[in-house]
Structures are given as C-alpha cells and as structure tokens.
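Trainee: As input, take upload.cif (mmCIF, C-alpha atoms):
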```cif
data_my_file
#
loop_
_atom_site.group_PDB
_atom_site.id
_atom_site.type_symbol
_atom_site.label_atom_id
_atom_site.label_comp_id
_atom_site.auth_asym_id
_atom_site.auth_seq_id
_atom_site.Cartn_x
_atom_site.Cartn_y
_atom_site.Cartn_z
ATOM 1 C CA MET W 1 -66.467 168.068 -33.546
ATOM 2 C CA HIS W 2 -70.136 167.247 -33.967
ATOM 3 C CA ARG W 3 -72.404 166.649 -30.984
ATOM 4 C CA HIS W 4 -72.912 163.003 -32.036
ATOM 5 C CA GLN W 5 -69.157 162.480 -32.119
ATOM 6 C CA ASP W 6 -68.807 164.105 -28.668
ATOM 7 C CA GLU W 7 -71.460 161.748 -27.318
ATOM 8 C CA GLN W 8 -69.650 158.748 -28.803
ATOM 9 C CA LEU W 9 -66.423 159.768 -27.095
ATOM 10 C CA ARG W 10 -68.149 160.085 -23.708
ATOM 11 C CA THR W 11 -70.118 156.840 -23.855
ATOM 12 C CA GLN W 12 -67.833 154.355 -25.598
ATOM 13 C CA PRO W 13 -64.457 153.061 -24.442
ATOM 14 C CA PHE W 14 -61.451 154.293 -26.409
ATOM 15 C CA SER W 15 -60.847 150.764 -27.596
ATOM 16 C CA SER W 16 -64.110 150.941 -29.550
ATOM 17 C CA PRO W 17 -63.405 150.912 -33.312
ATOM 18 C CA GLU W 18 -66.034 153.619 -33.866
ATOM 19 C CA VAL W 19 -64.402 155.971 -31.354
ATOM 20 C CA LEU W 20 -60.936 155.355 -32.737
ATOM 21 C CA GLU W 21 -62.207 155.941 -36.273
ATOM 22 C CA THR W 22 -63.835 159.211 -35.194
ATOM 23 C CA ILE W 23 -60.669 160.416 -33.486
ATOM 24 C CA ILE W 24 -58.429 159.485 -36.404
ATOM 25 C CA SER W 25 -60.698 160.970 -39.075
ATOM 26 C CA THR W 26 -61.121 164.180 -37.055
ATOM 27 C CA GLU W 27 -57.361 164.533 -36.645
ATOM 28 C CA MET W 28 -56.693 163.761 -40.303
ATOM 29 C CA LEU W 29 -59.240 166.318 -41.482
ATOM 30 C CA ALA W 30 -57.823 168.921 -39.107
ATOM 31 C CA ALA W 31 -54.326 168.301 -40.481
ATOM 32 C CA MET W 32 -55.597 168.577 -44.053
ATOM 33 C CA GLU W 33 -57.524 171.787 -43.341
ATOM 34 C CA ALA W 34 -54.464 173.336 -41.677
ATOM 35 C CA ALA W 35 -52.237 172.349 -44.592
ATOM 36 C CA VAL W 36 -54.699 173.783 -47.149
ATOM 37 C CA ALA W 37 -54.973 177.000 -45.107
ATOM 38 C CA ALA W 38 -51.165 177.327 -45.241
ATOM 39 C CA LEU W 39 -51.085 177.104 -49.056
ATOM 40 C CA PRO W 40 -50.521 180.210 -51.160
ATOM 41 C CA GLU W 41 -53.878 181.888 -51.810
ATOM 42 C CA GLY W 42 -54.102 180.960 -55.505
ATOM 43 C CA CYS W 43 -53.278 177.310 -54.864
ATOM 44 C CA ALA W 44 -55.803 177.064 -52.037
ATOM 45 C CA ALA W 45 -58.555 178.688 -54.116
ATOM 46 C CA VAL W 46 -58.004 176.317 -57.040
ATOM 47 C CA LEU W 47 -57.809 173.281 -54.769
ATOM 48 C CA ARG W 48 -61.046 174.177 -52.951
ATOM 49 C CA LYS W 49 -62.920 174.840 -56.181
ATOM 50 C CA SER W 50 -61.712 171.538 -57.591
ATOM 51 C CA TYR W 51 -62.050 169.182 -54.631
ATOM 52 C CA VAL W 52 -64.666 170.866 -52.446
ATOM 53 C CA GLU W 53 -66.930 172.444 -55.057
ATOM 54 C CA GLY W 54 -66.249 169.791 -57.711
ATOM 55 C CA LEU W 55 -65.634 172.285 -60.517
ATOM 56 C CA SER W 56 -63.788 171.369 -63.707
ATOM 57 C CA ASN W 57 -60.577 173.141 -64.693
ATOM 58 C CA ALA W 58 -62.514 175.223 -67.236
ATOM 59 C CA GLU W 59 -65.114 176.219 -64.633
ATOM 60 C CA ILE W 60 -62.372 177.156 -62.160
ATOM 61 C CA ALA W 61 -60.622 179.250 -64.804
ATOM 62 C CA THR W 62 -63.849 181.118 -65.511
ATOM 63 C CA ALA W 63 -64.716 181.601 -61.839
ATOM 64 C CA LEU W 64 -61.257 182.892 -60.911
ATOM 65 C CA GLN W 65 -60.672 184.696 -64.209
ATOM 66 C CA ILE W 66 -57.424 182.868 -64.886
ATOM 67 C CA SER W 67 -56.267 180.614 -67.714
ATOM 68 C CA ILE W 68 -56.787 176.857 -67.683
ATOM 69 C CA HIS W 69 -52.998 176.518 -67.775
ATOM 70 C CA THR W 70 -52.799 178.556 -64.547
ATOM 71 C CA VAL W 71 -55.487 176.362 -62.963
ATOM 72 C CA LYS W 72 -53.498 173.234 -63.817
ATOM 73 C CA SER W 73 -50.247 174.772 -62.560
ATOM 74 C CA GLN W 74 -51.814 175.981 -59.298
ATOM 75 C CA LYS W 75 -53.477 172.616 -58.689
ATOM 76 C CA GLN W 76 -50.220 170.736 -59.321
ATOM 77 C CA ARG W 77 -48.309 173.123 -57.048
ATOM 78 C CA ALA W 78 -50.949 172.746 -54.304
ATOM 79 C CA LEU W 79 -50.813 168.952 -54.482
ATOM 80 C CA SER W 80 -47.018 168.986 -54.399
ATOM 81 C CA LEU W 81 -46.976 171.272 -51.345
ATOM 82 C CA LEU W 82 -49.572 169.115 -49.585
ATOM 83 C CA ARG W 83 -47.595 165.973 -50.383
ATOM 84 C CA ASP W 84 -44.497 167.592 -48.858
ATOM 85 C CA ARG W 85 -46.391 168.666 -45.714
ATOM 86 C CA LEU W 86 -48.611 165.633 -45.186
ATOM 87 C CA GLY W 87 -46.656 162.796 -46.760
ATOM 88 C CA PRO W 88 -47.335 160.667 -49.820
ATOM 89 C CA GLY W 89 -50.492 159.027 -48.419
ATOM 90 C CA PHE W 90 -52.391 162.321 -48.147
ATOM 91 C CA VAL W 91 -54.182 162.003 -51.501
ATOM 92 C CA PHE W 92 -56.988 159.877 -50.107
ATOM 93 C CA LEU W 93 -57.813 162.742 -47.682
ATOM 94 C CA LEU W 94 -58.906 164.858 -50.631
ATOM 95 C CA TYR W 95 -61.901 162.580 -51.045
ATOM 96 C CA PHE W 96 -63.064 163.571 -47.539
ATOM 97 C CA LEU W 97 -63.162 167.206 -48.639
ATOM 98 C CA ARG W 98 -65.916 166.512 -51.134
#
```
Represent the supplied structure as structure tokens.
Mentor:
Amino acid sequence: MHRHQDEQLRTQPFSSPEVLETIISTEMLAAMEAAVAALPEGCAAVLRKSYVEGLSNAEIATALQISIHTVKSQKQRALSLLRDRLGPGFVFLLYFLR
C-alpha cells in the first residue's frame, strides 16, 4: 500500500467513501495479482504483455517467439481461468492493470 493510502486509513473514519474505495481497490488488485500469479506461465506472460504492456497479439507473438494463434489461445485460456477463479465480474479489473 502506498504511503498516501496508509495516511488516509489512519486519518479518516472507515465510513469515509475514500477510505472504503482505497480498501476495496487494494483488495481487488491483490486478488487479481494472486490469480494472475497462479496462471500457467505461458498464459500469465501473454496476459501481462497484453494488458499491462499494451502489446498487440502480433507484438506478443514476436516478443515471446510464438505464433499469433498461440497468443490468442493463451489469452483466451488465461481469461477463462481468471473468470473461474474471480467470478464473471473480474473483467473490469483488467483495466486497473494498465
């Protein structure tokens, strides 16, 4: 947690919307990071390159020296595994990774 977020938690009541938002977003990101870390290595690499680094499928294929078909398959598998672990509403969390 960032120092600013720590300070918010110490100085604002828990009923504060800002504190609750910080707690929820921190927990959601932690859950997402843990779920991505538990993915098979190939799936995690493709997912990170796509959603964190913002690379296209072709760029990912080149960077990882795999086919575009493999990139698409690994990405689909990663998303399916994340959906199973985190529930159907997880997709919006991917936008926080960027």
Trainee: Calculated over all atoms listed in the file, which of the candidates W:Ala63, W:Leu86, W:Ile68, W:Ala78 has the smallest distance to Glu41 of chain W?
Mentor: W:Ala78
Trainee: Could you list, as a list of chain:residue names, every residue matched by the PyMOL selection byres ((chain W and resi 85) around 12) in this structure?
Mentor: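 Applying the expression gives W:Ala31, W:Met32, W:Glu33, W:Ala34, W:Ala35, W:Val36, W:Ala37, W:Ala38, W:Leu39, W:Ala78, W:Leu79, W:Ser80, W:Leu81, W:Leu82, W:Arg83, W:Asp84, W:Leu86, W:Gly87, W:Pro88, W:Gly89, W:Phe90, W:Val91.
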Trainee: From (-53.5, 174.8, -67.2), in the file's coordinates, out to 12 Å: which residues are reached, counting only C-alpha atoms? Answer as a list of chain:residue names.
Mentor: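 Neighbouring residues, ordered by chain and number, come to W:Val46, W:Ser56, W:Asn57, W:Ala58, W:Glu59, W:Ile60, W:Ala61, W:Ile66, W:Ser67, W:Ile68, W:His69, W:Thr70, W:Val71, W:Lys72, W:Ser73, W:Gln74, W:Lys75, W:Gln76, W:Arg77.
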Trainee: In Å, rounded to a single decimal, give me how far atom CA of Glu18 of chain W is from atom CA of Arg48 of chain W.
Mentor: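 That distance, rounded to one decimal, is 28.5 Å.
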